[in-house]
$ cat run.cif   # mmCIF, C-alpha atoms and all ligand atoms
data_target
loop_
_atom_site.label_atom_id
_atom_site.label_comp_id
_atom_site.auth_asym_id
_atom_site.auth_seq_id
_atom_site.Cartn_x
_atom_site.Cartn_y
_atom_site.Cartn_z
CA MET A 1 124.95 132.16 82.61
CA PRO A 2 126.80 129.33 84.16
CA ASP A 3 126.53 130.59 87.67
CA THR A 4 122.85 131.12 87.74
CA PRO A 5 121.46 129.58 90.87
CA PRO A 6 118.97 126.79 90.60
CA PRO A 7 115.33 127.65 90.31
CA ALA A 8 113.58 128.63 93.46
CA PRO A 9 115.87 127.19 96.13
CA GLU A 10 118.50 129.91 96.04
CA GLY A 11 117.63 130.76 99.56
CA PRO A 12 118.30 127.90 101.89
CA GLY A 13 116.12 129.58 104.41
CA PRO A 14 112.59 128.79 105.28
CA ASP A 15 111.05 127.68 102.15
CA PRO A 16 107.59 126.31 102.38
CA ASP A 17 106.23 126.53 98.93
CA PRO A 18 104.09 123.50 98.60
CA GLY A 19 102.88 124.39 95.19
CA ARG A 20 106.32 124.52 93.71
CA ARG A 21 107.05 122.23 90.85
CA VAL A 22 109.58 119.54 91.33
CA SER A 23 112.62 120.05 89.20
CA THR A 24 115.94 118.37 88.84
CA PRO A 25 119.38 119.82 88.73
CA GLY A 26 120.17 117.60 85.78
CA GLY A 27 121.48 118.82 82.51
CA PRO A 28 124.35 121.15 82.05
CA GLY A 29 122.47 124.18 83.16
CA PRO A 30 121.22 124.66 86.66
CA ALA A 31 117.71 125.09 85.43
CA GLY A 32 116.80 121.46 85.20
CA ALA A 33 113.72 120.47 83.34
CA PRO A 34 110.70 120.28 85.53
CA ILE A 35 109.41 116.84 86.05
CA ALA A 36 105.98 115.82 87.04
CA ALA A 37 104.87 117.75 90.02
CA SER A 38 103.68 115.50 92.72
CA ALA A 39 100.03 115.00 93.06
CA HIS A 40 99.04 118.28 94.51
CA GLY A 41 96.11 118.13 92.26
CA ARG A 42 93.51 119.54 94.53
CA PRO A 43 94.21 123.13 95.37
CA GLY A 44 93.47 123.73 98.95
CA GLY A 45 92.27 120.21 99.44
CA GLY A 46 91.79 119.35 103.06
CA SER A 47 94.02 116.79 104.63
CA ARG A 48 91.48 114.31 105.73
CA ARG A 49 88.65 115.13 103.48
CA ALA A 50 87.98 112.49 100.94
CA SER A 51 87.18 113.85 97.57
CA GLY A 52 84.05 112.67 95.87
CA ALA A 53 85.23 109.54 94.09
CA GLU A 54 87.55 108.03 96.63
CA ALA A 55 86.58 107.96 100.26
CA LEU A 56 90.17 107.68 101.33
CA PRO A 57 91.33 109.26 104.57
CA TYR A 58 94.37 111.49 104.15
CA ALA A 59 93.81 111.31 100.40
CA ARG A 60 95.99 114.29 99.61
CA GLU A 61 98.99 113.19 101.64
CA ARG A 62 98.79 109.69 100.22
CA ALA A 63 98.58 111.04 96.69
CA ASP A 64 101.57 113.25 97.47
CA VAL A 65 103.57 110.20 98.54
CA VAL A 66 102.74 108.45 95.27
CA GLY A 67 103.66 111.57 93.31
CA ALA A 68 106.95 111.85 95.17
CA VAL A 69 108.09 108.29 94.51
CA ARG A 70 107.15 108.62 90.87
CA ALA A 71 109.23 111.77 90.64
CA LEU A 72 112.15 109.99 92.34
CA VAL A 73 111.89 107.06 89.94
CA ALA A 74 111.64 109.37 86.94
CA ASP A 75 114.71 111.17 88.20
CA ARG A 76 116.59 107.88 88.64
CA LEU A 77 117.08 108.54 92.30
CA VAL A 78 115.14 105.40 93.18
CA VAL A 79 115.03 102.03 91.50
CA GLY A 80 112.57 99.26 92.27
CA THR A 81 111.48 99.54 95.87
CA ALA A 82 114.67 101.18 97.10
CA GLY A 83 114.18 104.25 99.22
CA ASN A 84 111.08 105.52 100.93
CA VAL A 85 109.26 108.76 101.55
CA SER A 86 106.86 110.20 104.06
CA VAL A 87 104.94 113.36 104.78
CA ARG A 88 103.42 114.69 107.94
CA THR A 89 99.69 115.15 107.98
CA GLY A 90 98.00 118.14 109.48
CA ASP A 91 97.12 116.25 112.64
CA GLY A 92 100.56 114.86 113.40
CA ALA A 93 100.28 111.51 111.67
CA VAL A 94 102.64 110.36 108.93
CA ALA A 95 101.78 109.01 105.48
CA VAL A 96 104.58 106.69 104.40
CA THR A 97 105.45 104.26 101.64
CA PRO A 98 104.75 100.59 102.35
CA SER A 99 107.51 98.00 102.44
CA ALA A 100 108.56 96.07 99.35
CA VAL A 101 105.92 97.42 96.98
CA ASP A 102 107.27 98.35 93.56
CA TYR A 103 106.72 102.04 93.14
CA GLY A 104 105.34 101.56 89.67
CA ALA A 105 102.43 99.79 91.28
CA LEU A 106 101.98 102.12 94.24
CA THR A 107 98.58 103.75 94.61
CA PRO A 108 97.34 106.17 97.26
CA GLY A 109 95.30 103.40 98.84
CA LEU A 110 98.46 101.36 99.47
CA VAL A 111 100.18 104.24 101.25
CA GLY A 112 99.88 103.76 104.99
CA VAL A 113 99.12 106.38 107.60
CA HIS A 114 100.73 105.92 110.99
CA ALA A 115 100.68 107.78 114.25
CA ALA A 116 103.83 109.45 115.54
CA ASP A 117 104.55 106.35 117.62
CA GLY A 118 104.28 104.10 114.58
CA THR A 119 100.82 102.75 115.29
CA ALA A 120 98.98 102.04 112.08
CA LEU A 121 96.00 104.35 111.71
CA ASP A 122 95.02 103.36 108.21
CA ALA A 123 97.55 101.08 106.59
CA PRO A 124 96.76 98.09 104.40
CA LEU A 125 100.40 96.99 104.28
CA ARG A 126 103.44 96.84 106.46
CA PRO A 127 105.24 100.20 106.38
CA THR A 128 108.73 100.73 105.08
CA SER A 129 111.35 99.13 107.26
CA GLU A 130 112.68 102.64 107.82
CA LEU A 131 109.49 103.94 109.40
CA GLY A 132 111.42 104.31 112.65
CA LEU A 133 113.93 106.55 110.90
CA HIS A 134 111.19 108.75 109.48
CA LEU A 135 109.48 109.04 112.86
CA ALA A 136 112.76 109.77 114.61
CA VAL A 137 113.45 112.59 112.17
CA TYR A 138 110.01 114.10 112.74
CA ALA A 139 110.53 113.86 116.48
CA ARG A 140 113.82 115.73 116.28
CA THR A 141 113.11 118.32 113.57
CA SER A 142 110.40 120.54 112.17
CA ALA A 143 110.53 118.77 108.81
CA ARG A 144 107.24 118.13 107.08
CA ALA A 145 108.57 115.55 104.67
CA VAL A 146 111.37 112.99 104.56
CA VAL A 147 112.87 111.39 101.45
CA HIS A 148 115.32 108.51 101.69
CA THR A 149 117.08 107.21 98.60
CA HIS A 150 119.91 104.91 97.66
CA SER A 151 120.92 107.19 94.81
CA PRO A 152 124.26 106.08 93.39
CA ALA A 153 126.49 109.12 93.81
CA ALA A 154 125.33 109.74 97.36
CA THR A 155 125.82 106.10 98.25
CA ALA A 156 129.24 105.95 96.63
CA LEU A 157 130.40 109.10 98.37
CA SER A 158 129.14 107.77 101.69
CA VAL A 159 131.86 105.12 101.72
CA LEU A 160 134.64 107.62 101.09
CA VAL A 161 134.20 110.63 103.32
CA PRO A 162 132.93 111.53 106.80
CA GLU A 163 131.10 114.53 105.37
CA VAL A 164 130.19 115.72 101.89
CA PRO A 165 133.10 117.95 100.94
CA PRO A 166 132.12 121.56 100.25
CA VAL A 167 132.75 121.40 96.52
CA HIS A 168 129.79 123.58 95.61
CA TYR A 169 127.64 126.27 97.14
CA TYR A 170 124.58 124.09 96.68
CA LEU A 171 125.51 122.64 100.06
CA ALA A 172 123.88 125.79 101.36
CA LEU A 173 120.58 124.23 100.34
CA PHE A 174 121.08 121.76 103.15
CA GLY A 175 122.24 124.19 105.80
CA GLY A 176 125.90 124.31 104.77
CA ARG A 177 127.08 120.81 105.56
CA VAL A 178 125.97 117.27 104.97
CA PRO A 179 127.44 114.74 107.41
CA VAL A 180 127.80 111.03 106.78
CA VAL A 181 126.27 108.82 109.44
CA PRO A 182 128.37 105.71 110.14
CA TYR A 183 126.98 102.45 108.86
CA ALA A 184 124.35 100.72 110.95
CA PRO A 185 121.89 98.01 109.89
CA TYR A 186 119.01 99.33 107.85
CA GLY A 187 115.66 99.51 109.57
CA GLY A 188 117.25 99.56 113.02
CA PRO A 189 117.01 102.02 115.90
CA GLU A 190 120.72 102.82 115.83
CA LEU A 191 120.50 104.09 112.27
CA ALA A 192 117.27 105.96 112.98
CA ALA A 193 118.77 107.76 115.97
CA ALA A 194 121.97 108.64 114.17
CA ALA A 195 120.18 109.99 111.10
CA ALA A 196 117.76 112.02 113.20
CA GLY A 197 120.67 113.48 115.12
CA ALA A 198 122.46 114.44 111.92
CA LEU A 199 119.32 116.00 110.48
CA ALA A 200 118.77 118.12 113.56
CA GLY A 201 121.51 120.36 112.17
CA GLY A 202 120.53 120.52 108.51
CA SER A 203 118.23 119.12 105.89
CA ALA A 204 120.35 116.28 104.54
CA CYS A 205 122.72 113.53 105.58
CA LEU A 206 124.28 110.50 104.00
CA LEU A 207 124.03 107.06 105.54
CA GLY A 208 127.34 105.24 105.30
CA ASN A 209 127.28 102.28 102.87
CA HIS A 210 123.58 102.91 102.40
CA GLY A 211 122.21 106.12 100.86
CA ALA A 212 120.86 109.56 101.66
CA VAL A 213 118.13 111.21 103.71
CA VAL A 214 116.72 114.62 102.88
CA THR A 215 114.05 116.63 104.62
CA GLY A 216 111.86 119.47 103.45
CA ALA A 217 108.94 121.69 104.25
CA SER A 218 106.99 119.68 101.69
CA LEU A 219 107.46 116.50 99.72
CA ASP A 220 108.07 118.55 96.61
CA GLN A 221 110.91 120.32 98.31
CA ALA A 222 112.40 117.16 99.78
CA VAL A 223 112.33 115.46 96.37
CA GLU A 224 113.91 118.49 94.80
CA ARG A 225 116.63 118.57 97.43
CA ALA A 226 117.31 114.87 96.91
CA GLY A 227 118.11 115.71 93.31
CA TYR A 228 120.45 118.52 94.26
CA LEU A 229 122.17 116.37 96.85
CA GLU A 230 122.76 113.65 94.30
CA TRP A 231 124.21 116.23 91.92
CA VAL A 232 126.56 117.63 94.57
CA CYS A 233 127.68 114.13 95.52
CA ASP A 234 128.35 113.36 91.87
CA VAL A 235 130.45 116.50 91.53
CA ALA A 236 132.34 115.61 94.72
CA LEU A 237 133.09 112.12 93.42
CA ARG A 238 134.42 113.55 90.18
CA ALA A 239 136.55 116.08 92.03
CA LEU A 240 137.94 113.47 94.41
CA SER A 241 138.84 111.17 91.55
CA ALA A 242 140.36 113.88 89.37
CA VAL A 243 143.51 114.35 91.40
CA PRO A 244 145.87 111.41 91.87
CA GLY A 245 146.25 110.57 95.50
CA GLN A 246 142.93 112.10 96.45
CA ALA A 247 141.09 108.83 96.22
CA ARG A 248 140.61 107.10 99.50
CA ALA A 249 140.02 103.46 100.18
CA PRO A 250 136.29 102.93 100.43
CA ARG A 251 134.88 101.86 103.73
CA LEU A 252 133.54 98.40 102.93
CA LEU A 253 130.98 96.38 104.81
CA THR A 254 132.50 93.76 107.07
CA PRO A 255 131.56 90.09 106.66
CA ALA A 256 129.55 90.33 109.88
CA GLU A 257 127.65 93.39 108.66
CA MET A 258 126.89 91.70 105.36
CA ALA A 259 125.75 88.51 107.09
CA GLU A 260 123.40 90.55 109.25
CA ALA A 261 122.02 92.30 106.18
CA VAL A 262 121.50 89.01 104.35
CA GLU A 263 119.44 87.73 107.23
CA ARG A 264 117.48 90.95 107.51
CA ILE A 265 116.70 91.24 103.83
CA SER A 266 115.50 87.66 103.55
CA GLY A 267 112.18 88.71 105.05
CA TYR A 268 111.73 91.62 102.68
CA ARG A 269 108.33 91.29 101.07
CA PRO A 270 105.00 93.08 101.25
CA GLY A 271 102.90 92.16 104.20
CA PRO A 272 100.13 93.17 106.52
CA PRO A 273 100.85 95.92 109.00
CA GLN A 274 100.93 93.64 112.03
CA ALA A 275 103.98 91.89 110.62
CA ASP A 276 105.93 95.07 111.12
CA GLY A 277 109.64 94.75 110.70
ZN ZN A 301 117.61 102.54 102.71
#
$ encode --input "run.cif" --output "structure tokens" --more "lines below"
Ligand SMILES: [Zn+2]
Amino acid sequence: MPDTPPPAPEGPGPDPDPGRRVSTPGGPGPAGAPIAASAHGRPGGGSRRASGAEALPYARERADVVGAVRALVADRLVVGTAGNVSVRTGDGAVAVTPSAVDYGALTPGLVGVHAADGTALDAPLRPTSELGLHLAVYARTSARAVVHTHSPAATALSVLVPEVPPVHYYLALFGGRVPVVPYAPYGGPELAAAAAGALAGGSACLLGNHGAVVTGASLDQAVERAGYLEWVCDVALRALSAVPGQARAPRLLTPAEMAEAVERISGYRPGPPQADG
């Protein structure tokens, strides 16, 4: 049954299903093997209520963030500290990955919680340098979760096309089209604004010469969509390269853009929240 739709997300419509298991599109069949569901371990657990052992505010959301990055790593959508994820809390705050912490070492206590304006509410470390992007997306959309990756097919495709070509109906999972936002320095307001604008019209976009951003009604869904987006981008790359003359010259970073990135990345290390950058 080669044309069987993927599990669950057949309908691109409203889809909150927070208990859904995270799965990947991998494998030849559309029914990818489920991977570890993110840490929705406590059915009905309250957002802010600390559970017995750990008196950690926003324990569930922080555990969800850890579960999401582990799923992304297991799915090879994230390596090292690349990419970042966040989820909205019930009271309008955002739990988000910290900057420059290897995701293998990430624990719920290291996940920061920030107000919608970025103010740290409970954050032991500096947040991801893309916190502004996450907050801009929440300000512009009704998304409950944001996943940003540098997954290889999405990143490769981002230098070739202005929009993910409609090679497969899975694009419907993202609202029908996935635009590519022109390159802008990572962590900056220009990139945040452009990504948020692109995501106002759908649940995914590519960032030129950078990666992908996917939103969802839950972290599980956003992680799942990140996998489908990577799969679609991989198919598009194969299709584009299959026909002679279809290949386009990649849009490469200019020397000035690279020099700016070198300077920016030189300060990339974990740090206290006041050293925000
Ligand atoms: Zn990035």
$ residues_near_ligand --input "run.cif" --ligand "ligand ZN 301 (chain A)" --cutoff "7 Å" --atoms "all atoms listed in the file" --output "PDB file with C-alpha atoms, keeping the file's coordinate frame"
ATOM      1  CA  ALA A  82     114.670 101.180  97.100  1.00  0.00           C
ATOM      2  CA  GLY A  83     114.180 104.250  99.220  1.00  0.00           C
ATOM      3  CA  HIS A 148     115.320 108.510 101.690  1.00  0.00           C
ATOM      4  CA  THR A 149     117.080 107.210  98.600  1.00  0.00           C
ATOM      5  CA  HIS A 150     119.910 104.910  97.660  1.00  0.00           C
ATOM      6  CA  TYR A 186     119.010  99.330 107.850  1.00  0.00           C
ATOM      7  CA  HIS A 210     123.580 102.910 102.400  1.00  0.00           C
ATOM      8  CA  GLY A 211     122.210 106.120 100.860  1.00  0.00           C
TER       9      GLY A 211
END
$ atom_distance --input "run.cif" --atom1 "atom CA of Val146 of chain A" --atom2 "atom CA of Asn84 of chain A"
8.3 Å
$ residues_around --input "run.cif" --residues "segment 123-133 of chain A" --least-positions-apart "2" --cutoff "8 Å" --atoms "all atoms listed in the file" --output "ChimeraX atom specification"
/A:84,96-100,109-114,118,120-121,135-137,186-189,191-193,195-196,270-277
$ write_last_selection --input "run.cif" --atoms "C-alpha atoms" --output "short mmCIF file (atom, residue, chain, number, x, y, z; two decimals), in the frame of the given file"
data_model
loop_
_atom_site.label_atom_id
_atom_site.label_comp_id
_atom_site.auth_asym_id
_atom_site.auth_seq_id
_atom_site.Cartn_x
_atom_site.Cartn_y
_atom_site.Cartn_z
CA ASN A 84 111.08 105.52 100.93
CA VAL A 96 104.58 106.69 104.40
CA THR A 97 105.45 104.26 101.64
CA PRO A 98 104.75 100.59 102.35
CA SER A 99 107.51 98.00 102.44
CA ALA A 100 108.56 96.07 99.35
CA GLY A 109 95.30 103.40 98.84
CA LEU A 110 98.46 101.36 99.47
CA VAL A 111 100.18 104.24 101.25
CA GLY A 112 99.88 103.76 104.99
CA VAL A 113 99.12 106.38 107.60
CA HIS A 114 100.73 105.92 110.99
CA GLY A 118 104.28 104.10 114.58
CA ALA A 120 98.98 102.04 112.08
CA LEU A 121 96.00 104.35 111.71
CA LEU A 135 109.48 109.04 112.86
CA ALA A 136 112.76 109.77 114.61
CA VAL A 137 113.45 112.59 112.17
CA TYR A 186 119.01 99.33 107.85
CA GLY A 187 115.66 99.51 109.57
CA GLY A 188 117.25 99.56 113.02
CA PRO A 189 117.01 102.02 115.90
CA LEU A 191 120.50 104.09 112.27
CA ALA A 192 117.27 105.96 112.98
CA ALA A 193 118.77 107.76 115.97
CA ALA A 195 120.18 109.99 111.10
CA ALA A 196 117.76 112.02 113.20
CA PRO A 270 105.00 93.08 101.25
CA GLY A 271 102.90 92.16 104.20
CA PRO A 272 100.13 93.17 106.52
CA PRO A 273 100.85 95.92 109.00
CA GLN A 274 100.93 93.64 112.03
CA ALA A 275 103.98 91.89 110.62
CA ASP A 276 105.93 95.07 111.12
CA GLY A 277 109.64 94.75 110.70
#
$ closest_residue --input "run.cif" --among "A:Leu219, A:Ala226, A:Ala236, A:Val147" --to "Val161 of chain A" --atoms "all atoms listed in the file"
A:Ala236
$ residues_around --input "run.cif" --residues "Ala261 of chain A" --least-positions-apart "3" --cutoff "8 Å" --atoms "only C-alpha atoms" --output "PDB file with C-alpha atoms, in the frame of the given file"
ATOM      1  CA  PRO A 185     121.890  98.010 109.890  1.00  0.00           C
ATOM      2  CA  TYR A 186     119.010  99.330 107.850  1.00  0.00           C
ATOM      3  CA  GLU A 257     127.650  93.390 108.660  1.00  0.00           C
ATOM      4  CA  MET A 258     126.890  91.700 105.360  1.00  0.00           C
ATOM      5  CA  ARG A 264     117.480  90.950 107.510  1.00  0.00           C
ATOM      6  CA  ILE A 265     116.700  91.240 103.830  1.00  0.00           C
TER       7      ILE A 265
END
$ atom_distance --input "run.cif" --atom1 "atom CA of Asn209 of chain A" --atom2 "atom CA of Leu106 of chain A"
26.7 Å
$ closest_residue --input "run.cif" --among "A:Val223, A:Ala63, A:Val73, A:Ala153" --to "Arg238 of chain A" --atoms "all atoms listed in the file"
A:Ala153
$ axis_aligned_box --input "run.cif" --around "segment 258-266 of chain A" --padding-each-side "4 Å" --output "lines of an AutoDock Vina configuration file"
center_x = 121.2
center_y = 90.0
center_z = 106.4
size_x = 19.4
size_y = 12.6
size_z = 13.7
$ residues_around --input "run.cif" --residues "segment 174-183 of chain A" --least-positions-apart "5" --cutoff "8 Å" --atoms "all atoms listed in the file" --output "VMD selection string"
chain A and resid 12 158 161 to 164 166 191 194 to 195 198 201 to 210 225
$ build_atoms --input "run.cif" --residues "segment 125-136 of chain A" --atoms "N, CA and C atoms" --output "tab-separated table (two decimals), in the coordinates of the input"
chain	number	residue	atom	x	y	z
A	125	LEU	N	99.16	97.77	104.41
A	125	LEU	CA	100.40	96.99	104.28
A	125	LEU	C	101.38	97.39	105.37
A	126	ARG	N	102.35	96.53	105.55
A	126	ARG	CA	103.44	96.84	106.46
A	126	ARG	C	104.18	98.08	105.95
A	127	PRO	N	104.53	98.99	106.84
A	127	PRO	CA	105.24	100.20	106.38
A	127	PRO	C	106.68	99.90	106.01
A	128	THR	N	107.30	100.84	105.36
A	128	THR	CA	108.73	100.73	105.08
A	128	THR	C	109.49	100.33	106.33
A	129	SER	N	110.53	99.55	106.12
A	129	SER	CA	111.35	99.13	107.26
A	129	SER	C	112.05	100.31	107.92
A	130	GLU	N	112.06	101.45	107.24
A	130	GLU	CA	112.68	102.64	107.82
A	130	GLU	C	111.65	103.59	108.45
A	131	LEU	N	110.47	103.07	108.75
A	131	LEU	CA	109.49	103.94	109.40
A	131	LEU	C	110.07	104.57	110.66
A	132	GLY	N	110.82	103.78	111.42
A	132	GLY	CA	111.42	104.31	112.65
A	132	GLY	C	112.34	105.50	112.38
A	133	LEU	N	113.05	105.43	111.27
A	133	LEU	CA	113.93	106.55	110.90
A	133	LEU	C	113.09	107.79	110.59
A	134	HIS	N	112.05	107.61	109.81
A	134	HIS	CA	111.19	108.75	109.48
A	134	HIS	C	110.61	109.37	110.75
A	135	LEU	N	110.10	108.53	111.63
A	135	LEU	CA	109.48	109.04	112.86
A	135	LEU	C	110.51	109.72	113.76
A	136	ALA	N	111.71	109.16	113.79
A	136	ALA	CA	112.76	109.77	114.61
A	136	ALA	C	113.12	111.15	114.08
